[in-house]
Number of protein chains: 2
Amino acid sequence: MRYDFNELSQLLEPRSVAIIGASADPTRIGGRPIATMLKAGYGGRILPVNPNRDEIQGLTCYSDIETLPEAPEAAIVAVPARAAVDVVDALGRQGCKMITMFTAGFAELGREGRGEQDRLTGIARQYGMRLLGPNTLGCWNVDIGYFGSFTSSLDLGFPLAGNIGMASQSGAFGTHLAAVARRRGIGVPILVTTGNEADITVADAIGWMAQSDRIDVICAYQEGFSDPDRMLAALNAARNADKPVFILKSGRSEVGGRAATSHTASMTGDDAVADEILRAHGAIRVCDTEQMLDFAYVARKRIYPAENSLGVVTVSGGAGIVASDEAEQQELPMPPMPEDAQAELRALLPFCAPVNPVDCTAQALNDLSLFQKFTHAALAKGGYASVICFATTVAGSAAIAPRFLEALAPLRKEFPDRLIVICAVAPPDIVKRYEDAGFLVFEDPCRATRALAAMGRVGKALTMTAAVRQAVPEIPLPPTTPDEFQAKALLSAAGIQISAERLVHDSEQARAAAQEIGFPVVMKIVSPDILHKSDIGGVMLNIGSSDEAASAYHKLIAVARKHHSDARISGVLVAPQITGGVECFMGISRDPSFGAMAAFGLGGIFVELLHDIALRQCPFDEVAAREMILSIRGAPILTGARGRAPVDLDALARSLSRLSVFAAGAGSRLVSVDLNPVLALPEGEGAVALDAVIELEEAEP
Amino acid sequence: MRYDFNELSQLLEPRSVAIIGASADPTRIGGRPIATMLKAGYGGRILPVNPNRDEIQGLTCYSDIETLPEAPEAAIVAVPARAAVDVVDALGRQGCKMITMFTAGFAELGREGRGEQDRLTGIARQYGMRLLGPNTLGCWNVDIGYFGSFTSSLDLGFPLAGNIGMASQSGAFGTHLAAVARRRGIGVPILVTTGNEADITVADAIGWMAQSDRIDVICAYQEGFSDPDRMLAALNAARNADKPVFILKSGRSEVGGRAATSHTASMTGDDAVADEILRAHGAIRVCDTEQMLDFAYVARKRIYPAENSLGVVTVSGGAGIVASDEAEQQELPMPPMPEDAQAELRALLPFCAPVNPVDCTAQALNDLSLFQKFTHAALAKGGYASVICFATTVAGSAAIAPRFLEALAPLRKEFPDRLIVICAVAPPDIVKRYEDAGFLVFEDPCRATRALAAMGRVGKALTMTAAVRQAVPEIPLPPTTPDEFQAKALLSAAGIQISAERLVHDSEQARAAAQEIGFPVVMKIVSPDILHKSDIGGVMLNIGSSDEAASAYHKLIAVARKHHSDARISGVLVAPQITGGVECFMGISRDPSFGAMAAFGLGGIFVELLHDIALRQCPFDEVAAREMILSIRGAPILTGARGRAPVDLDALARSLSRLSVFAAGAGSRLVSVDLNPVLALPEGEGAVALDAVIELEEAEP
């Protein structure tokens with residue numbers, strides 16, 4: 001499905017806006033947007049509507065929507081919930097295109113409210129109108145002075161100009177973020193808060209910003225994914241436009257999850273799924289507001305080195321070590337300076353430490369040309385994509401700052417494609433002078449390092465091949481949950497390697513099957529009603545002869561009858577007993593937002609406890625499957641760590657990819673698949689699923 | 001050993017100070033301390049020494065140390081390195097007690113410099129003088145206006161008064177931290193930077209602050225541990241004084257480690273060891289400067305709830321979820337409000353979410369008494385030790401802040417034992433008003449949550465029983481590295497459970513031993529020269545009869561001869577083949593600073609890859625050993641996860657504790673011990689070491 005994100009221009013760049021429920025009091029919900037827009041010099045027409053007044057805040061006021069002198073392109077609705085439906089209908093009739101509905105009292109109150117909300121969206125859709133909210137704090141576009149918001153956060157001052165756009169499901173949290181940005185001198189000219197997301201979502205806002213010339217960097221706060229396809233389309237649009245998306249996706253925790261449900265009408269999916277989906281679509285997940293703003297602050301430069309590296313030029317050995325520690329944590333490489341460059345620096349300053357961190361010692365503060373030369377060497381000879389100059393209070397001193405800036409400014413011009421951070425403790429006016437000269441300023445070398453590392457991740461994300469979700473053939477499923485034999489037959493038909501086995505229905509068949517397969521064999525009871533067959537003794541190993549096979553048959557039937565007197569018994573499975581190789585598991589679970597998700601991990605209790613599992617949205621090809629397999633921490637066990645034989649990765653990847661295609665084709669009735677264990681045999685010998693459980697929703701009768 | 005940390009009073013509270021190499025220029029290294037102290041109103045006597053002047057900065061100047069009118073209690077030395085030794089000698093003769101040596105050019109330059117440095121300390125010791133530096137930026141004590149430092153960071157303003165003391169090995173990084181603290185309004189009246197630590201170390205500074213009435217909270221930056229015993233004594237002194245120590249220990253990374261070596265004369269130990277040592281002695285390790293200052297900022301309140309819990313009162317559901325996510329990450333519990341309190345809040349505001357986070361919605365901003373009631377309920381009914389009030393820009397608005405403060409101030413008084421954070425975006429003057437009223441102010445709810453969680457960790461650390469290092473009997477060791485049989489005999493004598501085995505020297509003995517032990521048996525070649533016997537086929541399993549045992553003997557001797565023709569062969573080990581249980585490993589390694597460290601983990605390649613290992617300093621008792629065993633992530637495997645039989649934890653803990661006692665008693669010649677595997681058998685059946693390697697340094701001849 002394709003989305004027209006362009007429609008939001010009527011939300012963010014309207015030529016006229018009616019305020020339904022307009023107030024003369026500039027501190028009230030219906031008065032604030034008017035007061036703010038008048039102050040901000042909004043160039044469009046503001047049309048207040050209020051039956052009790054002729055004039056509001058100096059503007060002509062209209063008694064009702066019908067008497068408006070023109071069709072307003074956009075409308076802001078600040079009326080009680082009970083009046084909202086009629087207002088939307090009237091606006092539709094009048095030819096309005098876009099509604100921002102401040103009014104609360106809808107889906108956030110539960111089922112009844114949701115019904116009312118659905119009525120609103122139904123009517124809006126009927127007239128071809130889009131709707132922001134209800135229960136939204138609104139949006140703004142500083143460039144044209146449009147403030148369709150009643151937030152009081154603007155009392156601290158108007159947002160600054162800039163190239164960062166922000167979208168937030170939560171109004172209060174979105175304006176909080178914007179206010180913190182402002183205090184840090186970071187411009188957020190566009191903010192959209194989406195409230196209940198009856199129609200317009202955070203995804204729509206991201207999509208619009210992806211195609212806006214004004215915005216280069218997108219920040220988003222999101223609780224659940226109410227329309228996952230739209231979100232993925234928006235993320236892809238941003239990536240195609242080379243714009244990073246920094247997203248704070250909350251609801252990680254159990255408590256957070258609980259709060260998310262009680263707070264909004266949205267559904268919070270499983271957090272690991274969100275992590276994977278965002279990663280796969282190139283969004284950078286941040287862990288708090290500060291990290292979001294740090295990353296956005298640096299991203300404004302639009303320098304995203306996919307091959308990132310860090311050079312640290314420092315007057316303090318200590319700061320250099322601290323930054324190095326953090327760089328390693330962030331997997332940001334700090335290669336040493338080339339030998340000849342080290343020699344040159346030693347010639348300049350015998351007691352320097354020229355490796356990287358490049359410590360030019362406090363001496364460089366007495367002779368700023370030294371600092372310049374060391375930094376030049378890091379840029380020119382070290383070739384680092386990212387450079388931190390740690391100059392602490394010296395760079396912040398009013399006496400030295402101008403000379404320090406003078407020394408470094410030529411480097412900024414000579415190396416326009418590099419990220420250069422000055423680590424300084426400085427008053428705001430001095431910080432601004434460095435920033436105006438094109439430098440980034442941080443106090444904390446660790447925060448600087450994290451933000452620089454993130455730019456590398458952005459670079460990689462922007463060059464990553466987009467995950468194309470290929471069409472897959474539909475897989476017909478049986479009407480009810482299959483037993484193990486049937487499950488394996490389905491999977492085998494889907495191309496997944498299963499051990500050669502026979503289903504037998506009496507002891508003679510067991511004897512013959514075992515003979516044919518070759519000893520030793522494994523025998524298991526097969527019943528759709530017995531899920532944990534090991535627990536009741538329903539699996540027998542090491543069966544070494546035909547006689548043993550025959551007697552095992554009787555034992556298995558007896559044990560099944562004993563534990564589940566009315567279980568349906570499909571028969572007994574006879575399979576070769578395969579040993580060696582590495583036990584893995586593969587599985588499918590269904591995420592409410594993103595559908596079938598494939599999981600891969602090593603088998604065994606260790607991994608279950610240690611949660612070393614990779615997750616991908618289905619379907620995917622063998623290349624992606626291999627990447628996924630190799631992404632677990634335990635991957636060296638598969639590739640031949642400590643003298644082990646490497647396993648058949650090709651076969652493992654093939655089975656995993658085919659499982660993902662099977663799951664995607666099976667559709668929403670497929671609840672889960674568990675292949676546990678899949679035995680990954682040595683190279684060339686395959687990867688065999690030894691057990692399989694498929695869970696289905698009952699088919700509609 | 002006991003340390004007299006009180007001696008540093010002469011460093012930080014001197015009644016008189018001579019400046020050797022005094023300068024009339026207040027921007028020069030020998031001029032700055034004088035200028036700063038004059039400006040700060042230092043009440044002691046300042047005695048400049050410079051042969052070329054009679055007067056310096058308005059003070060009488062003396063031509064040399066000998067002509068000083070009195071014995072200066074302290075001296076600051078700012079002379080060239082070549083003159084340093086003579087100056088120290090002259091000061092000693094004059095009766096000076098404490099030297100702060102700015103002069104650089106000693107151990108940081110390598111071996112020759114270290115020799116010169118040792119001469120300095122030798123002379124100082126001879127006169128009973130203590131020495132800060134050389135290569136130090138000095139120290140300060142704001143309370144008495146003493147500034148024995150030449151840092152230019154003071155140009156940004158004097159440090160503020162307060163109760164936080166700071167010690168830093170790195171001068172530039174220490175003053176950076178202090179400058180950032182000042183910008184944040186955090187008072188750091190004491191700073192000690194220790195430079196080369198020829199005598200006075202960060203540990204001394206921590207120890208002094210532990211006994212100072214002025215200091216409640218200690219921050220430290222440390223690269224290596226040059227005198228580990230002193231550091232542990234200092235940390236214990238701080239804990240005994242109920243003062244938290246927040247420590248930034250750098251050199252975590254490979255690159256950082258490299259830089260630490262090239263930068264200072266200190267040795268950076270293994271980082272996991274540092275982690276464990278700091279944890280065991282109650283210090284809180286921080287990961288960056290910002291975290292250090294966040295924690296110190298909150299710790300100033302001296303409220304350290306060992307039983308911590310978090311209540312979040314919020315006007316934004318989004319912020320509540322974000323804080324909840326972070327609390328879970330930090331293992332800070334957020335229990336729900338009691339049912340009756342929830343009902344009361346719902347009665348006040350029907351659409352609130354009263355669980356926790358307690359969302360009083362934007363409605364509470366129109367009616368601040370609601371915010372007060374919700375916060376009161378969280379404190380009184382919820383009983384949370386830590387509370388965050390998320391009020392964003394509203395609490396920062398000049399119009400609302402006074403009323404907001406008025407609403408909350410009574411709660412601060414009613415619950416003086418709680419930590420209350422106001423999350424606000426506010427200008428500095430408004431922040432200060434909240435702080436003056438006893439509240440903590442953060443912008444970012446995640447940073448607030450992390451800092452509050454840290455106070456709980458401090459509480460736990462302060463109530464933790466100090467690790468008492470009991471005396472252990474000395475263990476006599478053989479002159480050279482023992483073979484497996486000898487190693488096991490040593491360990492068995494130390495009380496560690498070893499499988500019952502025989503060393504045999506011919507095939508007949510092998511036959512008899514196997515018969516006596518009972519089949520199946522395992523047989524291994526024993527040689528001090530063959531370390532990886534499995535790799536050459538030197539281990540044979542599943543030996544089922546006396547004949548097999550006899551032939552195995554010949555095979556093992558042959559295989560050993562083939563691979564190591566001149567290996568010393570001690571014989572062949574015959575041991576019972578024990579199966580079942582859980583494979584674990586125990587080991588000892590020697591840290592250059594902290595001596596024998598015991599490690600425990602599960603066996604197998606999985607854990608090796610996943611680094612799930614616990615570490616403790618030796619020796620420790622069985623209670624500590626059990627705690628250590630249970631601290632690994634994989635512990636549920638030992639305690640009976642998923643229907644497994646719980647292992648014999650008592651036996652495992654006994655062996656581990658005895659191993660630690662053995663290692664401590666064996667002393668510094670013990671390089672390492674590896675017990676791998678130790679088979680932890682089911683409860684009551686013991687924990688048997690199946691293999692043992694002990695590595696020794698050769699004894700002195």
# chains A, B, ... in the order shown; residues from 1 in each chain; ligands from 1
>>> residues_around(residues="segment 561-564 of chain B", least_positions_apart="2", cutoff="10 Å", atoms="only C-alpha atoms", output="list in words")
Asp529, Ile530, Ile536, Gly537, Gly538, Lys555, Leu556, Ile557, Ala558, Val559, Asp566, Ala567, Arg568 and Ile569 of chain B
>>> residues_around(residues="Ile400 of chain A", least_positions_apart="6", cutoff="10 Å", atoms="only C-alpha atoms", output="PyMOL selection string")
chain A and resi 365-366+368+393-394+406
>>> atom_distance(atom1="atom CA of Cys61 of chain A", atom2="atom CA of Val49 of chain A")
5.5 Å
>>> residues_around(residues="Asn308 of chain A", least_positions_apart="5", cutoff="9 Å", atoms="only C-alpha atoms", output="PyMOL selection string")
chain A and resi 332-333+384-386+452-453+455-457+459
>>> closest_residue(among="A:Ala399, A:Cys446, A:Ala104, A:Ile543", to="chain B", atoms="only C-alpha atoms")
A:Cys446
>>> residues_around(residues="segment 668-673 of chain B", least_positions_apart="3", cutoff="10 Å", atoms="only C-alpha atoms", output="number ranges by chain")
B: 477, 479-481, 487, 491, 586-592, 595-599, 659, 662-665, 676, 692-700
>>> residues_around(residues="Glu7 of chain A", least_positions_apart="6", cutoff="12 Å", atoms="only C-alpha atoms", output="JSON, numbers by chain")
{"A": [13, 14, 73, 74, 97, 98, 128, 129, 130, 131, 200, 204, 205, 207, 208, 209, 211, 212]}
>>> atom_distance(atom1="atom CA of Gln363 of chain B", atom2="atom CA of Pro350 of chain B")
10.9 Å
>>> residues_around(residues="segment 280-297 of chain A", least_positions_apart="6", cutoff="7 Å", atoms="only C-alpha atoms", output="number ranges by chain")
A: 177, 181, 186, 217, 232, 235-236, 239, 244-248, 451, 454, 461-462, 466-467; B: 444, 446
>>> write_last_selection(atoms="C-alpha atoms", output="mmCIF file, in the first residue's frame")
data_model
loop_
_atom_site.group_PDB
_atom_site.id
_atom_site.type_symbol
_atom_site.label_atom_id
_atom_site.label_comp_id
_atom_site.auth_asym_id
_atom_site.auth_seq_id
_atom_site.Cartn_x
_atom_site.Cartn_y
_atom_site.Cartn_z
ATOM 1 C CA LEU A 177 11.021 17.517 24.342
ATOM 2 C CA ALA A 181 15.486 21.423 22.736
ATOM 3 C CA ILE A 186 18.201 23.361 19.137
ATOM 4 C CA VAL A 217 16.306 15.227 10.878
ATOM 5 C CA LEU A 232 7.156 1.203 7.849
ATOM 6 C CA LEU A 235 10.443 5.032 7.810
ATOM 7 C CA ASN A 236 11.247 3.913 4.284
ATOM 8 C CA ARG A 239 15.456 6.663 4.561
ATOM 9 C CA PRO A 244 17.658 9.913 10.005
ATOM 10 C CA VAL A 245 14.769 9.046 12.293
ATOM 11 C CA PHE A 246 15.547 8.990 16.020
ATOM 12 C CA ILE A 247 12.770 7.272 17.822
ATOM 13 C CA LEU A 248 12.008 6.930 21.498
ATOM 14 C CA ALA A 451 26.367 10.952 19.569
ATOM 15 C CA ALA A 454 25.203 7.245 16.388
ATOM 16 C CA ALA A 461 21.217 2.606 8.087
ATOM 17 C CA LEU A 462 20.957 5.022 5.166
ATOM 18 C CA ALA A 466 15.704 -1.654 2.282
ATOM 19 C CA ALA A 467 13.975 -4.814 3.451
ATOM 20 C CA ASP B 444 15.072 14.283 31.789
ATOM 21 C CA CYS B 446 15.348 8.967 32.722
#
>>> select_by_dssp(residues="segment 417-540 of chain B", states="strand (DSSP E or B)", output="count of residues only")
21
>>> atom_distance(atom1="atom CA of Cys352 of chain A", atom2="atom CA of Leu440 of chain A")
25.1 Å
>>> residues_around(residues="Ser369 of chain A", least_positions_apart="5", cutoff="10 Å", atoms="only C-alpha atoms", output="count of residues only")
8
>>> closest_residue(among="A:Arg184, A:Arg626, A:Arg633, A:Arg279", to="Asp612 of chain A", atoms="only C-alpha atoms")
A:Arg633
>>> closest_residue(among="B:Thr193, B:Ser170, B:Ser655, B:Thr465", to="chain A", atoms="only C-alpha atoms")
B:Ser170
